[in-house]
>>> print(open('run_31.pdb').read())   # PDB, C-alpha atoms and all ligand atoms
ATOM      1  CA  MET A  26       0.000   0.000   0.000  1.00  0.00           C
ATOM      2  CA  THR A  27       1.463   3.349  -1.065  1.00  0.00           C
ATOM      3  CA  ALA A  28       0.685   6.753   0.395  1.00  0.00           C
ATOM      4  CA  ILE A  29      -1.366   7.624  -2.678  1.00  0.00           C
ATOM      5  CA  ASP A  30      -3.281   4.353  -2.277  1.00  0.00           C
ATOM      6  CA  VAL A  31      -4.192   5.359   1.277  1.00  0.00           C
ATOM      7  CA  LEU A  32      -5.501   8.752   0.192  1.00  0.00           C
ATOM      8  CA  ARG A  33      -7.396   7.347  -2.814  1.00  0.00           C
ATOM      9  CA  SER A  34      -8.970   4.663  -0.681  1.00  0.00           C
ATOM     10  CA  ARG A  35     -10.014   7.082   2.039  1.00  0.00           C
ATOM     11  CA  LEU A  36     -11.658   9.403  -0.519  1.00  0.00           C
ATOM     12  CA  GLY A  37     -13.127   6.687  -2.704  1.00  0.00           C
ATOM     13  CA  VAL A  38     -11.122   7.868  -5.704  1.00  0.00           C
ATOM     14  CA  ALA A  39     -10.490   5.236  -8.365  1.00  0.00           C
ATOM     15  CA  THR A  40      -6.965   4.115  -9.077  1.00  0.00           C
ATOM     16  CA  ALA A  41      -5.000   5.894 -11.749  1.00  0.00           C
ATOM     17  CA  GLY A  42      -6.259   5.650 -15.315  1.00  0.00           C
ATOM     18  CA  PRO A  43      -7.028   7.871 -18.293  1.00  0.00           C
ATOM     19  CA  PRO A  44      -8.110  11.419 -17.393  1.00  0.00           C
ATOM     20  CA  GLN A  45     -11.773  11.577 -16.428  1.00  0.00           C
ATOM     21  CA  ARG A  46     -14.225  14.163 -17.709  1.00  0.00           C
ATOM     22  CA  LYS A  47     -16.733  15.185 -15.094  1.00  0.00           C
ATOM     23  CA  ILE A  48     -20.305  14.013 -15.590  1.00  0.00           C
ATOM     24  CA  ALA A  49     -21.915  15.898 -12.706  1.00  0.00           C
ATOM     25  CA  ARG A  50     -21.582  19.355 -11.228  1.00  0.00           C
ATOM     26  CA  PRO A  51     -19.237  18.937  -8.243  1.00  0.00           C
ATOM     27  CA  ARG A  52     -20.219  20.171  -4.781  1.00  0.00           C
ATOM     28  CA  THR A  53     -16.776  21.699  -4.385  1.00  0.00           C
ATOM     29  CA  VAL A  54     -13.838  22.525  -6.581  1.00  0.00           C
ATOM     30  CA  ALA A  55     -10.173  22.739  -5.639  1.00  0.00           C
ATOM     31  CA  LEU A  56      -8.208  25.975  -5.918  1.00  0.00           C
ATOM     32  CA  ILE A  57      -4.635  26.648  -4.952  1.00  0.00           C
ATOM     33  CA  ASP A  58      -2.894  29.348  -2.958  1.00  0.00           C
ATOM     34  CA  VAL A  59      -0.178  30.155  -5.478  1.00  0.00           C
ATOM     35  CA  HIS A  60       1.836  31.993  -2.847  1.00  0.00           C
ATOM     36  CA  ALA A  61       1.981  28.883  -0.646  1.00  0.00           C
ATOM     37  CA  CYS A  62       2.503  26.335  -3.470  1.00  0.00           C
ATOM     38  CA  THR A  63       6.163  25.359  -3.787  1.00  0.00           C
ATOM     39  CA  GLY A  64       5.742  23.925  -7.273  1.00  0.00           C
ATOM     40  CA  CYS A  65       6.807  20.481  -6.035  1.00  0.00           C
ATOM     41  CA  GLY A  66       4.466  18.934  -8.591  1.00  0.00           C
ATOM     42  CA  LEU A  67       3.270  16.022  -6.440  1.00  0.00           C
ATOM     43  CA  CYS A  68      -0.398  16.763  -7.045  1.00  0.00           C
ATOM     44  CA  VAL A  69      -0.156  17.208 -10.811  1.00  0.00           C
ATOM     45  CA  PRO A  70       0.100  13.596 -12.083  1.00  0.00           C
ATOM     46  CA  GLU A  71      -2.377  12.257  -9.519  1.00  0.00           C
ATOM     47  CA  CYS A  72      -5.367  14.442 -10.430  1.00  0.00           C
ATOM     48  CA  PRO A  73      -7.951  12.072 -11.965  1.00  0.00           C
ATOM     49  CA  ALA A  74      -9.133  14.855 -14.264  1.00  0.00           C
ATOM     50  CA  ALA A  75      -5.585  15.932 -15.191  1.00  0.00           C
ATOM     51  CA  CYS A  76      -6.667  19.497 -14.545  1.00  0.00           C
ATOM     52  CA  ILE A  77      -3.747  20.827 -12.475  1.00  0.00           C
ATOM     53  CA  GLU A  78      -0.995  22.590 -14.386  1.00  0.00           C
ATOM     54  CA  PRO A  79       2.015  24.825 -13.761  1.00  0.00           C
ATOM     55  CA  LEU A  80       1.270  28.480 -14.310  1.00  0.00           C
ATOM     56  CA  ALA A  81       3.222  29.522 -17.365  1.00  0.00           C
ATOM     57  CA  SER A  82       3.328  33.185 -16.407  1.00  0.00           C
ATOM     58  CA  VAL A  83       2.975  34.129 -12.792  1.00  0.00           C
ATOM     59  CA  PRO A  84       3.175  37.736 -11.666  1.00  0.00           C
ATOM     60  CA  LEU A  85       4.921  36.725  -8.461  1.00  0.00           C
ATOM     61  CA  ASP A  86       8.386  37.382  -7.152  1.00  0.00           C
ATOM     62  CA  ARG A  87       9.850  33.898  -6.872  1.00  0.00           C
ATOM     63  CA  THR A  88      12.784  31.978  -8.250  1.00  0.00           C
ATOM     64  CA  ASP A  89      11.830  28.372  -7.457  1.00  0.00           C
ATOM     65  CA  ALA A  90       9.540  26.146  -9.514  1.00  0.00           C
ATOM     66  CA  PRO A  91       6.388  27.832 -10.761  1.00  0.00           C
ATOM     67  CA  PRO A  92       3.282  27.246  -8.689  1.00  0.00           C
ATOM     68  CA  VAL A  93       0.388  25.248 -10.051  1.00  0.00           C
ATOM     69  CA  GLN A  94      -3.305  25.998 -10.324  1.00  0.00           C
ATOM     70  CA  THR A  95      -6.403  24.025 -11.234  1.00  0.00           C
ATOM     71  CA  ARG A  96      -8.504  24.448 -14.325  1.00  0.00           C
ATOM     72  CA  HIS A  97     -11.398  24.646 -11.927  1.00  0.00           C
ATOM     73  CA  ASP A  98     -14.107  24.099 -14.545  1.00  0.00           C
ATOM     74  CA  GLU A  99     -12.730  20.585 -15.147  1.00  0.00           C
ATOM     75  CA  CYS A 100     -12.335  19.699 -11.442  1.00  0.00           C
ATOM     76  CA  LEU A 101     -14.247  16.643 -10.185  1.00  0.00           C
ATOM     77  CA  GLY A 102     -14.195  17.855  -6.601  1.00  0.00           C
ATOM     78  CA  CYS A 103     -12.620  14.606  -5.407  1.00  0.00           C
ATOM     79  CA  GLY A 104     -10.301  16.312  -2.933  1.00  0.00           C
ATOM     80  CA  LEU A 105      -7.302  14.092  -3.686  1.00  0.00           C
ATOM     81  CA  CYS A 106      -5.023  17.047  -4.419  1.00  0.00           C
ATOM     82  CA  VAL A 107      -5.937  18.654  -1.081  1.00  0.00           C
ATOM     83  CA  GLU A 108      -4.796  15.529   0.738  1.00  0.00           C
ATOM     84  CA  ILE A 109      -1.631  15.078  -1.331  1.00  0.00           C
ATOM     85  CA  CYS A 110      -0.563  18.649  -0.665  1.00  0.00           C
ATOM     86  CA  THR A 111      -1.322  18.325   3.044  1.00  0.00           C
ATOM     87  CA  HIS A 112       0.000  14.848   3.825  1.00  0.00           C
ATOM     88  CA  LEU A 113       2.727  14.330   1.228  1.00  0.00           C
ATOM     89  CA  ALA A 114       3.961  17.808   0.305  1.00  0.00           C
ATOM     90  CA  HIS A 115       3.319  19.112   3.843  1.00  0.00           C
ATOM     91  CA  VAL A 116       2.291  22.478   2.434  1.00  0.00           C
ATOM     92  CA  SER A 117      -1.539  22.626   2.544  1.00  0.00           C
ATOM     93  CA  ALA A 118      -1.730  25.044  -0.374  1.00  0.00           C
ATOM     94  CA  ILE A 119      -4.958  23.570  -1.777  1.00  0.00           C
ATOM     95  CA  ARG A 120      -8.461  24.026  -0.458  1.00  0.00           C
ATOM     96  CA  SER A 121     -11.878  22.871  -1.573  1.00  0.00           C
ATOM     97  CA  TYR A 122     -14.382  25.660  -2.154  1.00  0.00           C
ATOM     98  CA  ASP A 123     -18.125  25.487  -2.464  1.00  0.00           C
ATOM     99  CA  THR A 124     -18.973  25.523  -6.154  1.00  0.00           C
ATOM    100  CA  ASN A 125     -21.598  28.241  -5.730  1.00  0.00           C
ATOM    101  CA  LEU A 126     -19.018  30.441  -4.018  1.00  0.00           C
ATOM    102  CA  VAL A 127     -16.527  29.960  -6.845  1.00  0.00           C
ATOM    103  CA  GLU A 128     -19.165  30.843  -9.409  1.00  0.00           C
ATOM    104  CA  GLN A 129     -20.044  34.033  -7.549  1.00  0.00           C
ATOM    105  CA  ALA A 130     -16.412  34.987  -6.974  1.00  0.00           C
ATOM    106  CA  LEU A 131     -15.356  34.488 -10.594  1.00  0.00           C
ATOM    107  CA  GLY A 132     -18.627  35.412 -12.274  1.00  0.00           C
ATOM    108  CA  CYS A 133     -18.756  32.105 -14.098  1.00  0.00           C
ATOM    109  CA  ALA A 134     -20.970  29.060 -14.364  1.00  0.00           C
ATOM    110  CA  ILE A 135     -19.565  25.659 -13.470  1.00  0.00           C
ATOM    111  CA  ALA A 136     -21.404  23.076 -15.530  1.00  0.00           C
ATOM    112  CA  ALA A 137     -22.032  19.381 -15.062  1.00  0.00           C
ATOM    113  CA  ASP A 138     -19.746  18.546 -17.943  1.00  0.00           C
ATOM    114  CA  ALA A 139     -16.251  19.750 -18.649  1.00  0.00           C
ATOM    115  CA  PRO A 140     -15.756  22.445 -21.289  1.00  0.00           C
ATOM    116  CA  LEU A 141     -14.797  21.239 -24.742  1.00  0.00           C
ATOM    117  CA  ALA A 142     -11.835  23.609 -24.903  1.00  0.00           C
ATOM    118  CA  ARG A 143      -9.291  24.001 -22.138  1.00  0.00           C
ATOM    119  CA  THR A 144      -8.903  27.411 -20.574  1.00  0.00           C
ATOM    120  CA  SER A 145      -5.656  28.507 -18.960  1.00  0.00           C
ATOM    121  CA  PRO A 146      -5.890  28.784 -15.174  1.00  0.00           C
ATOM    122  CA  GLU A 147      -5.485  32.169 -13.537  1.00  0.00           C
ATOM    123  CA  PRO A 148      -3.318  32.568 -10.393  1.00  0.00           C
ATOM    124  CA  GLY A 149      -6.318  33.890  -8.453  1.00  0.00           C
ATOM    125  CA  HIS A 150      -4.249  34.980  -5.466  1.00  0.00           C
ATOM    126  CA  GLU A 151      -6.706  37.783  -4.767  1.00  0.00           C
ATOM    127  CA  TYR A 152      -9.310  35.098  -4.054  1.00  0.00           C
ATOM    128  CA  TRP A 153      -7.595  31.884  -2.905  1.00  0.00           C
ATOM    129  CA  ALA A 154      -4.239  32.890  -1.369  1.00  0.00           C
ATOM    130  CA  GLU A 155      -3.979  33.364   2.374  1.00  0.00           C
ATOM    131  CA  GLU A 156      -4.576  37.103   2.089  1.00  0.00           C
ATOM    132  CA  GLY A 157      -7.310  36.571  -0.488  1.00  0.00           C
ATOM    133  CA  ALA A 158     -10.983  37.314  -0.063  1.00  0.00           C
ATOM    134  CA  PHE A 159     -12.202  33.711   0.111  1.00  0.00           C
ATOM    135  CA  HIS A 160      -9.281  31.721   1.544  1.00  0.00           C
ATOM    136  CA  HIS A 161     -10.969  31.441   4.928  1.00  0.00           C
ATOM    137  CA  MET A 162     -13.996  29.799   3.295  1.00  0.00           C
ATOM    138  CA  GLY A 163     -12.017  26.897   1.847  1.00  0.00           C
ATOM    139  CA  GLU A 164     -11.932  23.413   3.345  1.00  0.00           C
ATOM    140  CA  GLY A 165      -8.620  21.702   4.025  1.00  0.00           C
ATOM    141  CA  THR A 166      -7.895  18.052   4.681  1.00  0.00           C
ATOM    142  CA  ARG A 167     -10.737  15.672   5.381  1.00  0.00           C
ATOM    143  CA  ILE A 168      -8.378  12.897   6.510  1.00  0.00           C
ATOM    144  CA  PRO A 169      -7.043  13.501  10.019  1.00  0.00           C
ATOM    145  CA  VAL A 170      -3.971  11.392  10.721  1.00  0.00           C
ATOM    146  CA  ALA A 171      -5.572  10.353  14.009  1.00  0.00           C
ATOM    147  CA  ASP A 172      -8.245   8.456  12.039  1.00  0.00           C
ATOM    148  CA  LEU A 173      -5.732   6.346  10.123  1.00  0.00           C
ATOM    149  CA  SER A 174      -4.738   2.786  10.950  1.00  0.00           C
ATOM    150  CA  PRO A 175      -1.107   2.053  11.866  1.00  0.00           C
ATOM    151  CA  GLU A 176      -0.588   0.527   8.404  1.00  0.00           C
ATOM    152  CA  GLU A 177      -2.008   3.607   6.710  1.00  0.00           C
ATOM    153  CA  ARG A 178       0.155   5.905   8.824  1.00  0.00           C
ATOM    154  CA  THR A 179       3.247   3.932   7.911  1.00  0.00           C
ATOM    155  CA  ALA A 180       2.378   4.198   4.229  1.00  0.00           C
ATOM    156  CA  LEU A 181       1.809   7.942   4.488  1.00  0.00           C
ATOM    157  CA  ALA A 182       5.047   8.420   6.402  1.00  0.00           C
ATOM    158  CA  ALA A 183       6.898   6.644   3.606  1.00  0.00           C
ATOM    159  CA  GLY A 184       5.846   9.469   1.310  1.00  0.00           C
ATOM    160  CA  ALA A 185       4.751   9.708  -2.243  1.00  0.00           C
ATOM    161  CA  ARG A 186       7.534   7.738  -3.863  1.00  0.00           C
TER     162      ARG A 186
HETATM  163  S1  LIG A 201       1.354  19.378  -3.921  1.00  0.00           S
HETATM  164 FE1  LIG A 201       0.920  21.440  -3.099  1.00  0.00          FE
HETATM  165  S2  LIG A 201       2.924  22.457  -3.066  1.00  0.00           S
HETATM  166 FE2  LIG A 201       3.109  20.676  -4.440  1.00  0.00          FE
HETATM  167  S3  LIG A 201       2.637  21.479  -6.520  1.00  0.00           S
HETATM  168 FE3  LIG A 201       0.691  20.688  -5.647  1.00  0.00          FE
HETATM  169  S4  LIG A 201      -0.237  22.520  -4.716  1.00  0.00           S
HETATM  170 FE4  LIG A 201       1.910  23.009  -5.024  1.00  0.00          FE
HETATM  171  S1  LIG A 202     -10.183  17.933  -6.462  1.00  0.00           S
HETATM  172 FE1  LIG A 202      -8.045  18.155  -7.092  1.00  0.00          FE
HETATM  173  S2  LIG A 202      -7.419  16.065  -7.709  1.00  0.00           S
HETATM  174 FE2  LIG A 202      -9.680  16.093  -7.653  1.00  0.00          FE
HETATM  175  S3  LIG A 202     -10.281  16.592  -9.765  1.00  0.00           S
HETATM  176 FE3  LIG A 202     -10.181  18.538  -8.633  1.00  0.00          FE
HETATM  177  S4  LIG A 202      -8.124  19.331  -9.018  1.00  0.00           S
HETATM  178 FE4  LIG A 202      -8.119  17.151  -9.554  1.00  0.00          FE
END
>>> encode(input="run_31.pdb", output="structure tokens")
Amino acid sequence: MTAIDVLRSRLGVATAGPPQRKIARPRTVALIDVHACTGCGLCVPECPAACIEPLASVPLDRTDAPPVQTRHDECLGCGLCVEICTHLAHVSAIRSYDTNLVEQALGCAIAADAPLARTSPEPGHEYWAEEGAFHHMGEGTRIPVADLSPEERTALAAGAR
């Protein structure tokens, strides 16, 4: 059992496969605090919708790897990236936000199906970063370590690789 297996199992997320297109409007969508994200990349290949990507152009003063952001209109709301960032990257840069809130904040509609054309994600630090307007309304991890079995804790402690 790997650390990713533990998180997938706890969330009921299917094992890795081809990218999934959403078929229902999610209750929440994941958005990332680009100031907190270290650009470690751990969350990127694990997203079942393959909708997390490095920000090509970030108006931030940083010299390490570029932060990542979700293409929120493709997000399934599974929460796996939130747990990976918390338990494996030890950063907690990702939060789940109520879909209605995201629609109101961004003035968009989040549909039941993914858009046909990809749109580039925006940093959104004015909304989702720690100093942003909605950061405090996001939900962090749903998997407290205290709830895990000894075997699951050992797997998590071993890390992502
Ligand atoms: S796991 Fe967290 S810190 Fe790493 S790239 Fe994803 S959001 Fe950024
Ligand atoms: S919650 Fe995170 S891992 Fe799940 S589909 Fe959305 S961006 Fe991907």
>>> residues_around(input="run_31.pdb", residues="Glu99 in chain A", least_positions_apart="3", cutoff="10 Å", atoms="all atoms listed in the file", output="list of chain:residue names")
A:Gln45, A:Arg46, A:Lys47, A:Arg50, A:Pro51, A:Val54, A:Ala74, A:Ala75, A:Cys76, A:Ile77, A:Thr95, A:Arg96, A:Gly102, A:Ile135, A:Ala136, A:Ala137, A:Asp138, A:Ala139, A:Pro140, A:Leu141, A:Arg143, A:Thr144
>>> axis_aligned_box(input="run_31.pdb", around="range 151-169 of chain A", padding_each_side="5 Å", output="lines of an AutoDock Vina configuration file")
center_x = -9.0
center_y = 25.3
center_z = 2.6
size_x = 20.0
size_y = 34.9
size_z = 24.8
>>> closest_residue(input="run_31.pdb", among="A:Ala158, A:Ala183, A:Leu56, A:Leu126", to="ligand LIG 201 (chain A)", atoms="only C-alpha atoms and all ligand atoms")
A:Leu56
>>> resolve_selection(input="run_31.pdb", expression="the PyMOL selection byres (((chain A and resi 65) around 10) and not hetatm)", output="ChimeraX atom specification")
/A:62-64,66-69,89-93,110,114,116
>>> write_last_selection(input="run_31.pdb", atoms="C-alpha atoms", output="PDB file, in the coordinates of the input")
ATOM      1  CA  CYS A  62       2.503  26.335  -3.470  1.00  0.00           C
ATOM      2  CA  THR A  63       6.163  25.359  -3.787  1.00  0.00           C
ATOM      3  CA  GLY A  64       5.742  23.925  -7.273  1.00  0.00           C
ATOM      4  CA  GLY A  66       4.466  18.934  -8.591  1.00  0.00           C
ATOM      5  CA  LEU A  67       3.270  16.022  -6.440  1.00  0.00           C
ATOM      6  CA  CYS A  68      -0.398  16.763  -7.045  1.00  0.00           C
ATOM      7  CA  VAL A  69      -0.156  17.208 -10.811  1.00  0.00           C
ATOM      8  CA  ASP A  89      11.830  28.372  -7.457  1.00  0.00           C
ATOM      9  CA  ALA A  90       9.540  26.146  -9.514  1.00  0.00           C
ATOM     10  CA  PRO A  91       6.388  27.832 -10.761  1.00  0.00           C
ATOM     11  CA  PRO A  92       3.282  27.246  -8.689  1.00  0.00           C
ATOM     12  CA  VAL A  93       0.388  25.248 -10.051  1.00  0.00           C
ATOM     13  CA  CYS A 110      -0.563  18.649  -0.665  1.00  0.00           C
ATOM     14  CA  ALA A 114       3.961  17.808   0.305  1.00  0.00           C
ATOM     15  CA  VAL A 116       2.291  22.478   2.434  1.00  0.00           C
TER      16      VAL A 116
END
>>> resolve_selection(input="run_31.pdb", expression="the PyMOL selection byres (((chain A and resi 148) around 12) and not hetatm)", output="MDAnalysis selection string")
chainID A and resid 56:62 77:85 91:97 145:147 149:154 157
